[in-house]
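Student: Quick one: the structure is below, questions incoming.
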Amino acid sequence: MLTSMSRIPLQTLPTFRAVATLANLRAAGEQLHLTHSAVSQQIRLLEEQLGFLLFDRRGRRVVLNAAGAALLQAVEPALAQIDEGMRAAAVAATGTDQRLRLTVSPSFAQHWLMPRMAHWRALHPGVAVELHTSQQAMDLPREGFHAAVRQGKGPWRGLEGSRLIDSQQVVLANPAMAQRLAGSDPASWVHEPLLGTSECWEAWFALAGHPCRIQPVAVFNDMGLMLQATEQGLGIALGRELVAADALRAGRLVQLSPLALATEAYDAYWLVYPPEHRDWPPLLAFREWLESELKIAASLLQQARELAG
């Protein structure tokens, strides 16, 4: 059994951490940009050098055994410190420590955040923002992000967070379709082209007192794309209120009903970040600015609800 650090293949430890976290060799390979075979070989090499197994194989899943869990607990702080050192080196190389790296969903970035970034820039010209969009929840420390805007119930393991705003779902159409449907019974909308998931629409119609089965004409994996399709007249959407806010104010979309669908598990937007960044001045400034902008948004949304009512 290996008892000295001198022969541990250190290059295998990040791979070990990824496999331990994801419990899947293929997923770890995708994250690390390695082949499934290369990941498997690195885990095998580490286990051979240590002289004992680190995982239990359960079909396609690989689960840490007691030895693997003990090793992960020991090496995770060191790997996190190395990650932070790499980021610090990159900062030193570029000559600035005022670059805020954020990851957000594409719909939130395109339809809410980007139209307001000029205001951020005017207030904080010395803080550059590097914006990454993804539908996936990124591993912030590992990927070098300072913060993320996420939607859901929280909390997120290993991260701290501030709940920003709740955003329920409302029925939306473009002005032409809204004019055609003005005064109609919401029960009749089941015969209109509906955009979004059947589950959400069925929940909305049940809330409206018209339980029914729904077959949407289109389902989207991105709220922003669905709102664009709504603006183009493809159908009626059950869309996220916050993401649609600017289009509602500009008149590109119309809210057809004051009745809103609220699902606690998915409605809240959060700003989340690794604990070590909580007092970093650029992040503090961004959080304060974001909360201020969303407070304004909440007030405007409330006014819109009152008008829709």
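Chain labels follow the order of the structure tokens: the first chain is A, the next B, and so on; residue numbering restarts at 1 in every chain, and ligands are counted from 1 in their shown order.
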Could you give me, as a JSON list (two decimals) with all heavy atoms, in the first residue's frame, the residues within 12 Å of Tyr273 in chain A, counting only C-alpha atoms and dropping anything in the same chain fewer than 5 positions from it?

Tutor:
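Saved the output as result21.json:
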[["chain", "number", "residue", "atom", "x", "y", "z"],
["A", 100, "LEU", "N", -15.37, 40.54, -13.03],
["A", 100, "LEU", "CA", -16.39, 39.73, -12.39],
["A", 100, "LEU", "C", -16.92, 38.71, -13.38],
["A", 100, "LEU", "O", -17.49, 39.07, -14.41],
["A", 100, "LEU", "CB", -17.52, 40.65, -11.91],
["A", 100, "LEU", "CG", -18.70, 40.01, -11.20],
["A", 100, "LEU", "CD1", -18.25, 39.34, -9.90],
["A", 100, "LEU", "CD2", -19.77, 41.06, -10.92],
["A", 101, "ARG", "N", -16.73, 37.43, -13.06],
["A", 101, "ARG", "CA", -17.16, 36.34, -13.95],
["A", 101, "ARG", "C", -18.50, 35.81, -13.46],
["A", 101, "ARG", "O", -18.62, 35.32, -12.34],
["A", 101, "ARG", "CB", -16.14, 35.22, -14.01],
["A", 101, "ARG", "CG", -14.78, 35.65, -14.57],
["A", 101, "ARG", "CD", -13.94, 34.42, -14.91],
["A", 101, "ARG", "NE", -14.45, 33.74, -16.08],
["A", 101, "ARG", "CZ", -14.64, 32.42, -16.16],
["A", 101, "ARG", "NH1", -14.39, 31.65, -15.10],
["A", 101, "ARG", "NH2", -15.11, 31.86, -17.26],
["A", 102, "LEU", "N", -19.53, 35.91, -14.32],
["A", 102, "LEU", "CA", -20.89, 35.51, -13.97],
["A", 102, "LEU", "C", -21.41, 34.46, -14.94],
["A", 102, "LEU", "O", -21.09, 34.51, -16.13],
["A", 102, "LEU", "CB", -21.83, 36.71, -14.02],
["A", 102, "LEU", "CG", -21.54, 37.91, -13.12],
["A", 102, "LEU", "CD1", -22.46, 39.06, -13.50],
["A", 102, "LEU", "CD2", -21.75, 37.52, -11.66],
["A", 103, "THR", "N", -22.23, 33.56, -14.43],
["A", 103, "THR", "CA", -22.94, 32.63, -15.30],
["A", 103, "THR", "C", -24.43, 32.74, -15.01],
["A", 103, "THR", "O", -24.85, 32.73, -13.84],
["A", 103, "THR", "CB", -22.43, 31.18, -15.13],
["A", 103, "THR", "OG1", -23.22, 30.29, -15.94],
["A", 103, "THR", "CG2", -22.48, 30.73, -13.69],
["A", 138, "MET", "N", -23.50, 25.54, -13.40],
["A", 138, "MET", "CA", -22.06, 25.34, -13.46],
["A", 138, "MET", "C", -21.49, 25.18, -12.05],
["A", 138, "MET", "O", -22.02, 25.71, -11.07],
["A", 138, "MET", "CB", -21.39, 26.55, -14.13],
["A", 138, "MET", "CG", -21.96, 26.90, -15.50],
["A", 138, "MET", "SD", -21.73, 25.59, -16.72],
["A", 138, "MET", "CE", -19.95, 25.67, -16.94],
["A", 139, "ASP", "N", -20.38, 24.45, -11.97],
["A", 139, "ASP", "CA", -19.62, 24.35, -10.72],
["A", 139, "ASP", "C", -18.79, 25.62, -10.62],
["A", 139, "ASP", "O", -17.76, 25.76, -11.28],
["A", 139, "ASP", "CB", -18.73, 23.10, -10.76],
["A", 139, "ASP", "CG", -18.00, 22.86, -9.44],
["A", 139, "ASP", "OD1", -17.54, 23.84, -8.83],
["A", 139, "ASP", "OD2", -17.89, 21.69, -9.02],
["A", 140, "LEU", "N", -19.22, 26.56, -9.80],
["A", 140, "LEU", "CA", -18.61, 27.89, -9.80],
["A", 140, "LEU", "C", -17.14, 27.88, -9.42],
["A", 140, "LEU", "O", -16.32, 28.46, -10.15],
["A", 140, "LEU", "CB", -19.40, 28.83, -8.87],
["A", 140, "LEU", "CG", -20.89, 29.00, -9.17],
["A", 140, "LEU", "CD1", -21.48, 30.10, -8.30],
["A", 140, "LEU", "CD2", -21.12, 29.31, -10.64],
["A", 141, "PRO", "N", -16.73, 27.26, -8.30],
["A", 141, "PRO", "CA", -15.30, 27.29, -7.97],
["A", 141, "PRO", "C", -14.45, 26.60, -9.02],
["A", 141, "PRO", "O", -13.38, 27.09, -9.40],
["A", 141, "PRO", "CB", -15.24, 26.56, -6.62],
["A", 141, "PRO", "CG", -16.60, 26.67, -6.06],
["A", 141, "PRO", "CD", -17.53, 26.63, -7.24],
["A", 144, "GLY", "N", -14.21, 28.67, -12.20],
["A", 144, "GLY", "CA", -13.65, 30.01, -12.03],
["A", 144, "GLY", "C", -14.66, 31.14, -12.07],
["A", 144, "GLY", "O", -14.30, 32.29, -12.35],
["A", 145, "PHE", "N", -15.93, 30.86, -11.76],
["A", 145, "PHE", "CA", -16.95, 31.91, -11.73],
["A", 145, "PHE", "C", -17.06, 32.48, -10.32],
["A", 145, "PHE", "O", -16.97, 31.76, -9.33],
["A", 145, "PHE", "CB", -18.31, 31.36, -12.16],
["A", 145, "PHE", "CG", -18.37, 31.01, -13.62],
["A", 145, "PHE", "CD1", -18.40, 29.69, -14.03],
["A", 145, "PHE", "CD2", -18.41, 32.01, -14.57],
["A", 145, "PHE", "CE1", -18.45, 29.36, -15.37],
["A", 145, "PHE", "CE2", -18.46, 31.70, -15.92],
["A", 145, "PHE", "CZ", -18.47, 30.37, -16.33],
["A", 146, "HIS", "N", -17.29, 33.78, -10.26],
["A", 146, "HIS", "CA", -17.46, 34.44, -8.97],
["A", 146, "HIS", "C", -18.89, 34.32, -8.46],
["A", 146, "HIS", "O", -19.13, 34.34, -7.24],
["A", 146, "HIS", "CB", -17.09, 35.92, -9.06],
["A", 146, "HIS", "CG", -15.66, 36.15, -9.45],
["A", 146, "HIS", "ND1", -15.30, 36.66, -10.68],
["A", 146, "HIS", "CD2", -14.51, 35.93, -8.77],
["A", 146, "HIS", "CE1", -13.98, 36.75, -10.74],
["A", 146, "HIS", "NE2", -13.48, 36.32, -9.60],
["A", 147, "ALA", "N", -19.85, 34.22, -9.39],
["A", 147, "ALA", "CA", -21.25, 34.19, -8.97],
["A", 147, "ALA", "C", -22.11, 33.68, -10.12],
["A", 147, "ALA", "O", -21.67, 33.59, -11.27],
["A", 147, "ALA", "CB", -21.73, 35.57, -8.53],
["A", 148, "ALA", "N", -23.35, 33.34, -9.78],
["A", 148, "ALA", "CA", -24.33, 32.91, -10.77],
["A", 148, "ALA", "C", -25.70, 33.43, -10.37],
["A", 148, "ALA", "O", -25.99, 33.60, -9.19],
["A", 148, "ALA", "CB", -24.36, 31.39, -10.88],
["A", 149, "VAL", "N", -26.54, 33.70, -11.37],
["A", 149, "VAL", "CA", -27.95, 33.93, -11.11],
["A", 149, "VAL", "C", -28.66, 32.63, -11.45],
["A", 149, "VAL", "O", -28.60, 32.15, -12.58],
["A", 149, "VAL", "CB", -28.50, 35.09, -11.96],
["A", 149, "VAL", "CG1", -30.02, 35.23, -11.75],
["A", 149, "VAL", "CG2", -27.80, 36.39, -11.61],
["A", 150, "ARG", "N", -29.31, 32.05, -10.43],
["A", 150, "ARG", "CA", -29.99, 30.77, -10.61],
["A", 150, "ARG", "C", -31.46, 30.91, -10.24],
["A", 150, "ARG", "O", -31.84, 31.77, -9.46],
["A", 150, "ARG", "CB", -29.33, 29.68, -9.75],
["A", 150, "ARG", "CG", -27.96, 29.29, -10.26],
["A", 150, "ARG", "CD", -27.39, 28.12, -9.48],
["A", 150, "ARG", "NE", -26.07, 27.75, -9.99],
["A", 150, "ARG", "CZ", -25.27, 26.87, -9.41],
["A", 150, "ARG", "NH1", -25.67, 26.26, -8.29],
["A", 150, "ARG", "NH2", -24.10, 26.59, -9.92],
["A", 155, "PRO", "N", -31.41, 25.64, -1.05],
["A", 155, "PRO", "CA", -30.07, 26.20, -1.25],
["A", 155, "PRO", "C", -29.22, 25.34, -2.18],
["A", 155, "PRO", "O", -29.64, 24.23, -2.55],
["A", 155, "PRO", "CB", -29.50, 26.19, 0.17],
["A", 155, "PRO", "CG", -30.16, 25.01, 0.81],
["A", 155, "PRO", "CD", -31.56, 24.96, 0.24],
["A", 156, "TRP", "N", -28.05, 25.84, -2.55],
["A", 156, "TRP", "CA", -27.13, 25.11, -3.40],
["A", 156, "TRP", "C", -25.91, 24.72, -2.60],
["A", 156, "TRP", "O", -25.28, 25.57, -1.94],
["A", 156, "TRP", "CB", -26.75, 25.97, -4.62],
["A", 156, "TRP", "CG", -27.85, 26.02, -5.62],
["A", 156, "TRP", "CD1", -28.03, 25.18, -6.67],
["A", 156, "TRP", "CD2", -28.94, 26.95, -5.65],
["A", 156, "TRP", "NE1", -29.17, 25.52, -7.35],
["A", 156, "TRP", "CE2", -29.75, 26.61, -6.76],
["A", 156, "TRP", "CE3", -29.31, 28.03, -4.85],
["A", 156, "TRP", "CZ2", -30.90, 27.31, -7.09],
["A", 156, "TRP", "CZ3", -30.46, 28.73, -5.17],
["A", 156, "TRP", "CH2", -31.24, 28.37, -6.29],
["A", 157, "ARG", "N", -25.55, 23.46, -2.69],
["A", 157, "ARG", "CA", -24.48, 22.90, -1.88],
["A", 157, "ARG", "C", -23.16, 23.65, -2.11],
["A", 157, "ARG", "O", -22.73, 23.85, -3.23],
["A", 157, "ARG", "CB", -24.30, 21.42, -2.22],
["A", 157, "ARG", "CG", -23.25, 20.70, -1.39],
["A", 157, "ARG", "CD", -23.15, 19.24, -1.80],
["A", 157, "ARG", "NE", -22.12, 18.56, -1.04],
["A", 157, "ARG", "CZ", -21.76, 17.29, -1.24],
["A", 157, "ARG", "NH1", -22.38, 16.58, -2.17],
["A", 157, "ARG", "NH2", -20.81, 16.75, -0.52],
["A", 158, "GLY", "N", -22.54, 24.04, -1.01],
["A", 158, "GLY", "CA", -21.24, 24.69, -1.07],
["A", 158, "GLY", "C", -21.28, 26.15, -1.46],
["A", 158, "GLY", "O", -20.23, 26.78, -1.59],
["A", 159, "LEU", "N", -22.48, 26.72, -1.66],
["A", 159, "LEU", "CA", -22.60, 28.11, -2.09],
["A", 159, "LEU", "C", -23.47, 28.89, -1.10],
["A", 159, "LEU", "O", -24.33, 28.33, -0.43],
["A", 159, "LEU", "CB", -23.24, 28.20, -3.48],
["A", 159, "LEU", "CG", -22.52, 27.49, -4.62],
["A", 159, "LEU", "CD1", -23.36, 27.56, -5.88],
["A", 159, "LEU", "CD2", -21.13, 28.09, -4.85],
["A", 160, "GLU", "N", -23.22, 30.18, -1.03],
["A", 160, "GLU", "CA", -24.10, 31.09, -0.32],
["A", 160, "GLU", "C", -24.98, 31.80, -1.35],
["A", 160, "GLU", "O", -24.63, 31.86, -2.53],
["A", 160, "GLU", "CB", -23.30, 32.10, 0.49],
["A", 160, "GLU", "CG", -22.49, 31.47, 1.61],
["A", 160, "GLU", "CD", -21.77, 32.50, 2.47],
["A", 160, "GLU", "OE1", -21.93, 33.71, 2.21],
["A", 160, "GLU", "OE2", -21.05, 32.09, 3.39],
["A", 161, "GLY", "N", -26.10, 32.33, -0.90],
["A", 161, "GLY", "CA", -26.99, 32.96, -1.87],
["A", 161, "GLY", "C", -27.89, 34.01, -1.27],
["A", 161, "GLY", "O", -28.17, 34.01, -0.07],
["A", 162, "SER", "N", -28.33, 34.92, -2.13],
["A", 162, "SER", "CA", -29.31, 35.95, -1.78],
["A", 162, "SER", "C", -30.52, 35.77, -2.68],
["A", 162, "SER", "O", -30.39, 35.75, -3.91],
["A", 162, "SER", "CB", -28.74, 37.35, -1.98],
["A", 162, "SER", "OG", -27.55, 37.54, -1.24],
["A", 163, "ARG", "N", -31.69, 35.59, -2.08],
["A", 163, "ARG", "CA", -32.92, 35.49, -2.87],
["A", 163, "ARG", "C", -33.25, 36.87, -3.41],
["A", 163, "ARG", "O", -33.37, 37.84, -2.66],
["A", 163, "ARG", "CB", -34.06, 34.95, -2.00],
["A", 163, "ARG", "CG", -35.33, 34.64, -2.79],
["A", 163, "ARG", "CD", -36.27, 33.80, -1.95],
["A", 163, "ARG", "NE", -37.47, 33.46, -2.70],
["A", 163, "ARG", "CZ", -38.21, 32.39, -2.45],
["A", 163, "ARG", "NH1", -37.85, 31.55, -1.48],
["A", 163, "ARG", "NH2", -39.29, 32.14, -3.15],
["A", 278, "ARG", "N", -17.73, 36.29, -0.72],
["A", 278, "ARG", "CA", -18.86, 37.06, -0.19],
["A", 278, "ARG", "C", -18.50, 38.53, 0.08],
["A", 278, "ARG", "O", -19.34, 39.41, -0.06],
["A", 278, "ARG", "CB", -19.42, 36.41, 1.07],
["A", 278, "ARG", "CG", -18.67, 36.68, 2.34],
["A", 278, "ARG", "CD", -19.50, 36.29, 3.55],
["A", 278, "ARG", "NE", -19.68, 34.86, 3.64],
["A", 278, "ARG", "CZ", -18.83, 34.03, 4.25],
["A", 278, "ARG", "NH1", -17.72, 34.51, 4.79],
["A", 278, "ARG", "NH2", -19.06, 32.75, 4.31],
["A", 279, "ASP", "N", -17.25, 38.81, 0.45],
["A", 279, "ASP", "CA", -16.86, 40.18, 0.79],
["A", 279, "ASP", "C", -15.99, 40.83, -0.28],
["A", 279, "ASP", "O", -15.40, 41.89, -0.04],
["A", 279, "ASP", "CB", -16.11, 40.20, 2.13],
["A", 279, "ASP", "CG", -16.98, 39.74, 3.29],
["A", 279, "ASP", "OD1", -18.17, 40.08, 3.30],
["A", 279, "ASP", "OD2", -16.47, 39.02, 4.17],
["A", 280, "TRP", "N", -15.92, 40.22, -1.45],
["A", 280, "TRP", "CA", -15.11, 40.77, -2.55],
["A", 280, "TRP", "C", -15.84, 42.02, -3.09],
["A", 280, "TRP", "O", -17.01, 41.93, -3.49],
["A", 280, "TRP", "CB", -14.94, 39.73, -3.63],
["A", 280, "TRP", "CG", -14.00, 40.12, -4.72],
["A", 280, "TRP", "CD1", -12.78, 40.68, -4.59],
["A", 280, "TRP", "CD2", -14.22, 39.94, -6.13],
["A", 280, "TRP", "NE1", -12.20, 40.87, -5.83],
["A", 280, "TRP", "CE2", -13.07, 40.43, -6.78],
["A", 280, "TRP", "CE3", -15.26, 39.41, -6.88],
["A", 280, "TRP", "CZ2", -12.94, 40.41, -8.17],
["A", 280, "TRP", "CZ3", -15.14, 39.38, -8.26],
["A", 280, "TRP", "CH2", -13.98, 39.88, -8.90],
["A", 283, "LEU", "N", -18.12, 41.92, -6.27],
["A", 283, "LEU", "CA", -19.33, 41.13, -6.09],
["A", 283, "LEU", "C", -20.32, 41.85, -5.20],
["A", 283, "LEU", "O", -21.54, 41.85, -5.45],
["A", 283, "LEU", "CB", -18.99, 39.75, -5.52],
["A", 283, "LEU", "CG", -20.20, 38.83, -5.28],
["A", 283, "LEU", "CD1", -20.97, 38.61, -6.56],
["A", 283, "LEU", "CD2", -19.73, 37.50, -4.70],
["A", 284, "LEU", "N", -19.84, 42.50, -4.14],
["A", 284, "LEU", "CA", -20.73, 43.27, -3.28],
["A", 284, "LEU", "C", -21.42, 44.38, -4.07],
["A", 284, "LEU", "O", -22.63, 44.61, -3.91],
["A", 284, "LEU", "CB", -19.94, 43.87, -2.12],
["A", 284, "LEU", "CG", -19.45, 42.91, -1.03],
["A", 284, "LEU", "CD1", -18.56, 43.65, -0.04],
["A", 284, "LEU", "CD2", -20.64, 42.28, -0.31],
["A", 286, "PHE", "N", -21.96, 44.45, -7.34],
["A", 286, "PHE", "CA", -22.91, 43.87, -8.30],
["A", 286, "PHE", "C", -24.18, 43.42, -7.59],
["A", 286, "PHE", "O", -25.29, 43.63, -8.10],
["A", 286, "PHE", "CB", -22.27, 42.71, -9.04],
["A", 286, "PHE", "CG", -23.16, 42.12, -10.11],
["A", 286, "PHE", "CD1", -23.29, 42.76, -11.33],
["A", 286, "PHE", "CD2", -23.87, 40.96, -9.89],
["A", 286, "PHE", "CE1", -24.12, 42.25, -12.32],
["A", 286, "PHE", "CE2", -24.71, 40.44, -10.86],
["A", 286, "PHE", "CZ", -24.83, 41.09, -12.08],
["A", 287, "ARG", "N", -24.03, 42.80, -6.42],
["A", 287, "ARG", "CA", -25.21, 42.34, -5.69],
["A", 287, "ARG", "C", -26.10, 43.52, -5.31],
["A", 287, "ARG", "O", -27.33, 43.46, -5.46],
["A", 287, "ARG", "CB", -24.79, 41.57, -4.44],
["A", 287, "ARG", "CG", -25.97, 40.97, -3.67],
["A", 287, "ARG", "CD", -25.48, 40.07, -2.55],
["A", 287, "ARG", "NE", -24.75, 40.82, -1.54],
["A", 287, "ARG", "CZ", -24.08, 40.25, -0.54],
["A", 287, "ARG", "NH1", -24.03, 38.94, -0.43],
["A", 287, "ARG", "NH2", -23.45, 40.99, 0.34]]

Student: As a PyMOL selection string, please: all residues of range 30-229 of chain A that backbone DSSP puts in strand (DSSP E).

Tutor: chain A and resi 55-58+61-64+99-104+128-133+147-151+160-166+169-173+194-195

Student: Any chance you can output those residues with N, CA and C atoms as a CSV table (one decimal), in the first residue's frame?

Tutor:
chain,number,residue,atom,x,y,z
A,55,PHE,N,-14.0,3.6,-5.4
A,55,PHE,CA,-15.3,3.6,-5.9
A,55,PHE,C,-16.0,2.2,-5.8
A,56,ASP,N,-17.3,2.2,-5.6
A,56,ASP,CA,-18.1,1.0,-5.9
A,56,ASP,C,-18.8,1.2,-7.2
A,57,ARG,N,-18.7,0.2,-8.1
A,57,ARG,CA,-19.3,0.3,-9.4
A,57,ARG,C,-20.7,-0.3,-9.3
A,58,ARG,N,-21.7,0.6,-9.7
A,58,ARG,CA,-23.1,0.2,-9.7
A,58,ARG,C,-23.7,0.5,-11.0
A,61,ARG,N,-23.1,3.9,-12.8
A,61,ARG,CA,-22.7,4.9,-11.8
A,61,ARG,C,-21.5,4.3,-11.0
A,62,VAL,N,-20.7,5.3,-10.6
A,62,VAL,CA,-19.6,4.9,-9.7
A,62,VAL,C,-19.8,5.8,-8.4
A,63,VAL,N,-19.8,5.1,-7.3
A,63,VAL,CA,-20.1,5.7,-6.0
A,63,VAL,C,-18.9,5.6,-5.1
A,64,LEU,N,-18.6,6.7,-4.4
A,64,LEU,CA,-17.4,6.7,-3.5
A,64,LEU,C,-17.7,5.6,-2.4
A,99,ARG,N,-12.4,41.9,-12.6
A,99,ARG,CA,-13.1,41.2,-13.6
A,99,ARG,C,-14.1,40.3,-12.9
A,100,LEU,N,-15.4,40.5,-13.0
A,100,LEU,CA,-16.4,39.7,-12.4
A,100,LEU,C,-16.9,38.7,-13.4
A,101,ARG,N,-16.7,37.4,-13.1
A,101,ARG,CA,-17.2,36.3,-14.0
A,101,ARG,C,-18.5,35.8,-13.5
A,102,LEU,N,-19.5,35.9,-14.3
A,102,LEU,CA,-20.9,35.5,-14.0
A,102,LEU,C,-21.4,34.5,-14.9
A,103,THR,N,-22.2,33.6,-14.4
A,103,THR,CA,-22.9,32.6,-15.3
A,103,THR,C,-24.4,32.7,-15.0
A,104,VAL,N,-25.2,32.9,-16.1
A,104,VAL,CA,-26.7,33.1,-15.9
A,104,VAL,C,-27.4,32.3,-17.0
A,128,ALA,N,-15.0,45.1,-15.0
A,128,ALA,CA,-15.4,44.4,-16.2
A,128,ALA,C,-16.2,43.2,-15.8
A,129,VAL,N,-17.2,42.9,-16.6
A,129,VAL,CA,-18.1,41.7,-16.4
A,129,VAL,C,-17.9,40.8,-17.5
A,130,GLU,N,-17.5,39.5,-17.2
A,130,GLU,CA,-17.4,38.4,-18.2
A,130,GLU,C,-18.6,37.6,-18.0
A,131,LEU,N,-19.5,37.6,-19.0
A,131,LEU,CA,-20.8,36.9,-18.8
A,131,LEU,C,-20.9,35.6,-19.6
A,132,HIS,N,-21.2,34.6,-18.9
A,132,HIS,CA,-21.4,33.2,-19.5
A,132,HIS,C,-22.8,32.8,-19.4
A,133,THR,N,-23.4,32.3,-20.5
A,133,THR,CA,-24.8,31.8,-20.4
A,133,THR,C,-24.8,30.3,-20.6
A,147,ALA,N,-19.9,34.2,-9.4
A,147,ALA,CA,-21.3,34.2,-9.0
A,147,ALA,C,-22.1,33.7,-10.1
A,148,ALA,N,-23.4,33.3,-9.8
A,148,ALA,CA,-24.3,32.9,-10.8
A,148,ALA,C,-25.7,33.4,-10.4
A,149,VAL,N,-26.5,33.7,-11.4
A,149,VAL,CA,-28.0,33.9,-11.1
A,149,VAL,C,-28.7,32.6,-11.4
A,150,ARG,N,-29.3,32.1,-10.4
A,150,ARG,CA,-30.0,30.8,-10.6
A,150,ARG,C,-31.5,30.9,-10.2
A,151,GLN,N,-32.2,30.0,-10.8
A,151,GLN,CA,-33.7,30.0,-10.6
A,151,GLN,C,-34.0,28.7,-9.9
A,160,GLU,N,-23.2,30.2,-1.0
A,160,GLU,CA,-24.1,31.1,-0.3
A,160,GLU,C,-25.0,31.8,-1.3
A,161,GLY,N,-26.1,32.3,-0.9
A,161,GLY,CA,-27.0,33.0,-1.9
A,161,GLY,C,-27.9,34.0,-1.3
A,162,SER,N,-28.3,34.9,-2.1
A,162,SER,CA,-29.3,35.9,-1.8
A,162,SER,C,-30.5,35.8,-2.7
A,163,ARG,N,-31.7,35.6,-2.1
A,163,ARG,CA,-32.9,35.5,-2.9
A,163,ARG,C,-33.2,36.9,-3.4
A,164,LEU,N,-33.4,37.0,-4.7
A,164,LEU,CA,-33.5,38.3,-5.4
A,164,LEU,C,-35.0,38.7,-5.6
A,165,ILE,N,-35.7,37.8,-6.3
A,165,ILE,CA,-37.1,38.1,-6.7
A,165,ILE,C,-37.8,36.9,-7.1
A,166,ASP,N,-39.1,36.9,-6.8
A,166,ASP,CA,-40.0,35.8,-7.3
A,166,ASP,C,-40.6,36.2,-8.6
A,169,GLN,N,-45.6,32.9,-13.5
A,169,GLN,CA,-45.9,32.7,-14.9
A,169,GLN,C,-47.2,33.3,-15.2
A,170,VAL,N,-47.3,34.1,-16.3
A,170,VAL,CA,-48.5,34.7,-16.8
A,170,VAL,C,-48.8,34.4,-18.2
A,171,VAL,N,-50.0,34.6,-18.6
A,171,VAL,CA,-50.5,34.3,-20.0
A,171,VAL,C,-50.2,35.5,-20.9
A,172,LEU,N,-49.4,35.3,-22.0
A,172,LEU,CA,-48.9,36.3,-22.8
A,172,LEU,C,-49.3,36.1,-24.3
A,173,ALA,N,-49.5,37.2,-25.0
A,173,ALA,CA,-49.7,37.1,-26.4
A,173,ALA,C,-49.2,38.4,-27.1
A,194,LEU,N,-51.0,27.0,-28.1
A,194,LEU,CA,-50.4,27.2,-26.8
A,194,LEU,C,-48.9,26.9,-26.8
A,195,LEU,N,-48.1,27.8,-26.2
A,195,LEU,CA,-46.7,27.6,-26.2
A,195,LEU,C,-46.2,27.3,-24.7

Student: From a backbone DSSP assignment, name each residue in range 199-268 of chain A labelled helix (DSSP H, G or I), as a PyMOL selection string.

Tutor: chain A and resi 199-207+223-231+241-250+264-267

Student: Quick check, in Å to one decimal: how far apart do CA of Glu143 in chain A and CA of Asp83 in chain A lie?

Tutor: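 Separation of CA of Glu143 in chain A and CA of Asp83 in chain A: 8.6 Å.
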